[in-house]
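Visitor: Take a look at upload_20.cif, mmCIF, C-alpha atoms:
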data_target
#
loop_
_atom_site.group_PDB
_atom_site.id
_atom_site.type_symbol
_atom_site.label_atom_id
_atom_site.label_comp_id
_atom_site.auth_asym_id
_atom_site.auth_seq_id
_atom_site.Cartn_x
_atom_site.Cartn_y
_atom_site.Cartn_z
ATOM 1 C CA MET X 1 134.657 79.738 93.429
ATOM 2 C CA GLY X 2 137.869 81.695 93.278
ATOM 3 C CA LYS X 3 139.699 83.262 96.185
ATOM 4 C CA THR X 4 138.664 86.749 95.044
ATOM 5 C CA SER X 5 134.981 85.785 95.145
ATOM 6 C CA MET X 6 135.260 84.332 98.633
ATOM 7 C CA ASN X 7 137.138 87.385 99.845
ATOM 8 C CA ALA X 8 134.365 89.565 98.401
ATOM 9 C CA VAL X 9 131.710 87.470 100.166
ATOM 10 C CA GLU X 10 133.587 87.645 103.470
ATOM 11 C CA LYS X 11 133.882 91.423 103.133
ATOM 12 C CA ALA X 12 130.196 91.665 102.221
ATOM 13 C CA LEU X 13 129.223 89.641 105.288
ATOM 14 C CA TRP X 14 131.345 91.892 107.486
ATOM 15 C CA PHE X 15 129.741 94.990 105.968
ATOM 16 C CA ILE X 16 126.228 93.575 106.363
ATOM 17 C CA GLU X 17 126.864 92.563 109.980
ATOM 18 C CA SER X 18 128.141 96.062 110.707
ATOM 19 C CA HIS X 19 125.312 97.906 108.920
ATOM 20 C CA PHE X 20 122.182 95.721 108.752
ATOM 21 C CA ALA X 21 120.314 98.061 111.098
ATOM 22 C CA CYS X 22 120.648 100.796 108.443
ATOM 23 C CA GLU X 23 119.248 100.945 104.956
ATOM 24 C CA ILE X 24 121.800 99.299 102.693
ATOM 25 C CA THR X 25 121.682 98.564 98.987
ATOM 26 C CA LEU X 26 123.341 96.018 96.728
ATOM 27 C CA GLU X 27 125.169 98.891 95.064
ATOM 28 C CA GLU X 28 126.555 100.080 98.399
ATOM 29 C CA ILE X 29 127.700 96.577 99.353
ATOM 30 C CA GLY X 30 129.397 96.081 95.982
ATOM 31 C CA ASN X 31 131.099 99.473 96.164
ATOM 32 C CA THR X 32 132.329 98.808 99.690
ATOM 33 C CA VAL X 33 133.658 95.391 98.728
ATOM 34 C CA GLY X 34 135.210 96.699 95.501
ATOM 35 C CA VAL X 35 133.296 94.580 92.996
ATOM 36 C CA SER X 36 130.341 95.185 90.731
ATOM 37 C CA ARG X 37 126.818 94.691 91.988
ATOM 38 C CA PHE X 38 126.441 91.839 89.505
ATOM 39 C CA HIS X 39 129.598 90.066 90.697
ATOM 40 C CA MET X 40 128.654 90.563 94.344
ATOM 41 C CA THR X 41 125.193 89.090 93.760
ATOM 42 C CA ARG X 42 126.561 86.030 91.949
ATOM 43 C CA ALA X 43 129.417 85.380 94.377
ATOM 44 C CA PHE X 44 127.198 85.739 97.447
ATOM 45 C CA GLY X 45 124.527 83.469 95.987
ATOM 46 C CA THR X 46 127.101 80.833 95.044
ATOM 47 C CA ALA X 47 128.721 80.917 98.489
ATOM 48 C CA THR X 48 125.552 81.006 100.621
ATOM 49 C CA ASN X 49 122.718 79.722 98.413
ATOM 50 C CA HIS X 50 120.791 82.874 99.345
ATOM 51 C CA SER X 51 120.457 86.346 97.930
ATOM 52 C CA ILE X 52 122.173 89.183 99.735
ATOM 53 C CA MET X 53 118.901 90.880 100.624
ATOM 54 C CA TYR X 54 117.436 87.594 101.891
ATOM 55 C CA TYR X 55 120.404 87.430 104.263
ATOM 56 C CA VAL X 56 119.941 91.060 105.342
ATOM 57 C CA ARG X 57 116.228 90.506 106.055
ATOM 58 C CA GLY X 58 117.057 87.357 108.013
ATOM 59 C CA ARG X 59 119.583 89.208 110.173
ATOM 60 C CA ARG X 60 117.075 91.955 110.859
ATOM 61 C CA LEU X 61 114.423 89.411 111.848
ATOM 62 C CA THR X 62 116.897 87.655 114.144
ATOM 63 C CA GLU X 63 117.648 90.929 115.907
ATOM 64 C CA ALA X 64 113.919 91.645 116.157
ATOM 65 C CA ALA X 65 113.366 88.234 117.762
ATOM 66 C CA LYS X 66 116.132 88.993 120.276
ATOM 67 C CA ALA X 67 114.553 92.353 121.127
ATOM 68 C CA LEU X 68 111.140 90.771 121.590
ATOM 69 C CA SER X 69 112.538 87.973 123.738
ATOM 70 C CA ARG X 70 114.193 90.603 125.951
ATOM 71 C CA GLY X 71 110.762 92.134 126.508
ATOM 72 C CA ALA X 72 110.506 94.930 123.950
ATOM 73 C CA PRO X 73 107.283 96.706 124.920
ATOM 74 C CA ASP X 74 105.910 97.366 121.437
ATOM 75 C CA ILE X 75 105.909 95.066 118.403
ATOM 76 C CA LEU X 76 105.264 98.004 116.062
ATOM 77 C CA SER X 77 108.391 99.853 117.201
ATOM 78 C CA VAL X 78 110.458 96.674 116.706
ATOM 79 C CA ALA X 79 108.906 96.285 113.248
ATOM 80 C CA LEU X 80 109.755 99.867 112.295
ATOM 81 C CA ASP X 81 113.269 99.572 113.754
ATOM 82 C CA THR X 82 113.934 96.533 111.562
ATOM 83 C CA GLY X 83 112.787 98.198 108.360
ATOM 84 C CA TYR X 84 109.179 97.050 108.079
ATOM 85 C CA GLY X 85 106.565 99.647 107.230
ATOM 86 C CA SER X 86 103.721 98.028 109.146
ATOM 87 C CA HIS X 87 102.894 95.648 111.952
ATOM 88 C CA GLU X 88 101.229 93.334 109.400
ATOM 89 C CA ALA X 89 104.255 93.106 107.097
ATOM 90 C CA PHE X 90 106.534 92.420 110.057
ATOM 91 C CA THR X 91 104.204 89.779 111.495
ATOM 92 C CA ARG X 92 103.983 88.014 108.115
ATOM 93 C CA ALA X 93 107.789 88.022 107.665
ATOM 94 C CA PHE X 94 108.339 86.916 111.263
ATOM 95 C CA ARG X 95 105.860 84.048 110.889
ATOM 96 C CA ASP X 96 107.434 83.003 107.582
ATOM 97 C CA GLY X 97 110.904 83.108 109.130
ATOM 98 C CA PHE X 98 110.243 81.503 112.506
ATOM 99 C CA GLY X 99 106.904 79.690 112.207
ATOM 100 C CA VAL X 100 105.286 81.747 114.977
ATOM 101 C CA THR X 101 103.950 85.268 115.304
ATOM 102 C CA PRO X 102 106.005 87.883 117.159
ATOM 103 C CA LYS X 103 103.604 87.884 120.118
#
In structure tokens, what does this structure look like?
Guide:
Amino acid sequence: MGKTSMNAVEKALWFIESHFACEITLEEIGNTVGVSRFHMTRAFGTATNHSIMYYVRGRRLTEAAKALSRGAPDILSVALDTGYGSHEAFTRAFRDGFGVTPK
């Protein structure tokens, strides 16, 4: 992987870490980094062995787990805050990611 690709991935990671709580798109990440969506997708996958959106979902789930471990009173509000449309979808993703339910 060339230096330009790694620089793009580093910039993408910075952008994702700064904005993962918001709705972000591949197009927005590519535009911010200054490369095409296609190039960003390939470079990120090559560097991390994961898709960009897989990484974004993982970061959101990690933050949800932190909130729950700090005693967040309502699983549904944590689910909605992390971009899931329902308690069920969040519970399924949480279980798939961590091997336990969010309770």
Visitor: Here is a test: counting all atoms listed in the file, which residue of X:Thr82, X:Asn7, X:Ser18, X:Ser51 is nearest to Gly34 in chain X?
Guide: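 Under the stated criterion, the closest residue is X:Asn7.
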Visitor: For the atom pair CA of Glu23 in chain X and CA of Pro73 in chain X, what is the interatomic distance in Å to one decimal place?
Guide: 23.7 Å
Visitor: Name every residue that the PyMOL selection byres ((chain X and resi 29) around 12) selects in this structure, writing the answer as number ranges by chain with chains first and numbers rising.
Guide: X: 8-20, 23-28, 30-41, 44, 52-53, 56
Visitor: Show which residues sit within 12 Å of Val100 in chain X, as a list of chain:residue names. Count all atoms listed in the file, and ignore same-chain residues fewer than 4 positions away.
Guide: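 So, after excluding close chain neighbours, the residues are X:Ala65, X:Phe90, X:Thr91, X:Arg92, X:Ala93, X:Phe94, X:Arg95, X:Asp96.
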Visitor: Create the file for the chosen residues now, containing C-alpha atoms and written as a PDB file, in the frame of the given file.
Guide:
ATOM      1  CA  ALA X  65     113.366  88.234 117.762  1.00  0.00           C
ATOM      2  CA  PHE X  90     106.534  92.420 110.057  1.00  0.00           C
ATOM      3  CA  THR X  91     104.204  89.779 111.495  1.00  0.00           C
ATOM      4  CA  ARG X  92     103.983  88.014 108.115  1.00  0.00           C
ATOM      5  CA  ALA X  93     107.789  88.022 107.665  1.00  0.00           C
ATOM      6  CA  PHE X  94     108.339  86.916 111.263  1.00  0.00           C
ATOM      7  CA  ARG X  95     105.860  84.048 110.889  1.00  0.00           C
ATOM      8  CA  ASP X  96     107.434  83.003 107.582  1.00  0.00           C
TER       9      ASP X  96
END
Visitor: Rank nothing, just name the residue among X:Ala21, X:Thr48, X:Arg42, X:Gly58 nearest to Gly97 in chain X, using only C-alpha atoms.
Guide: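 Of all the options, X:Gly58 lies closest to Gly97 in chain X.
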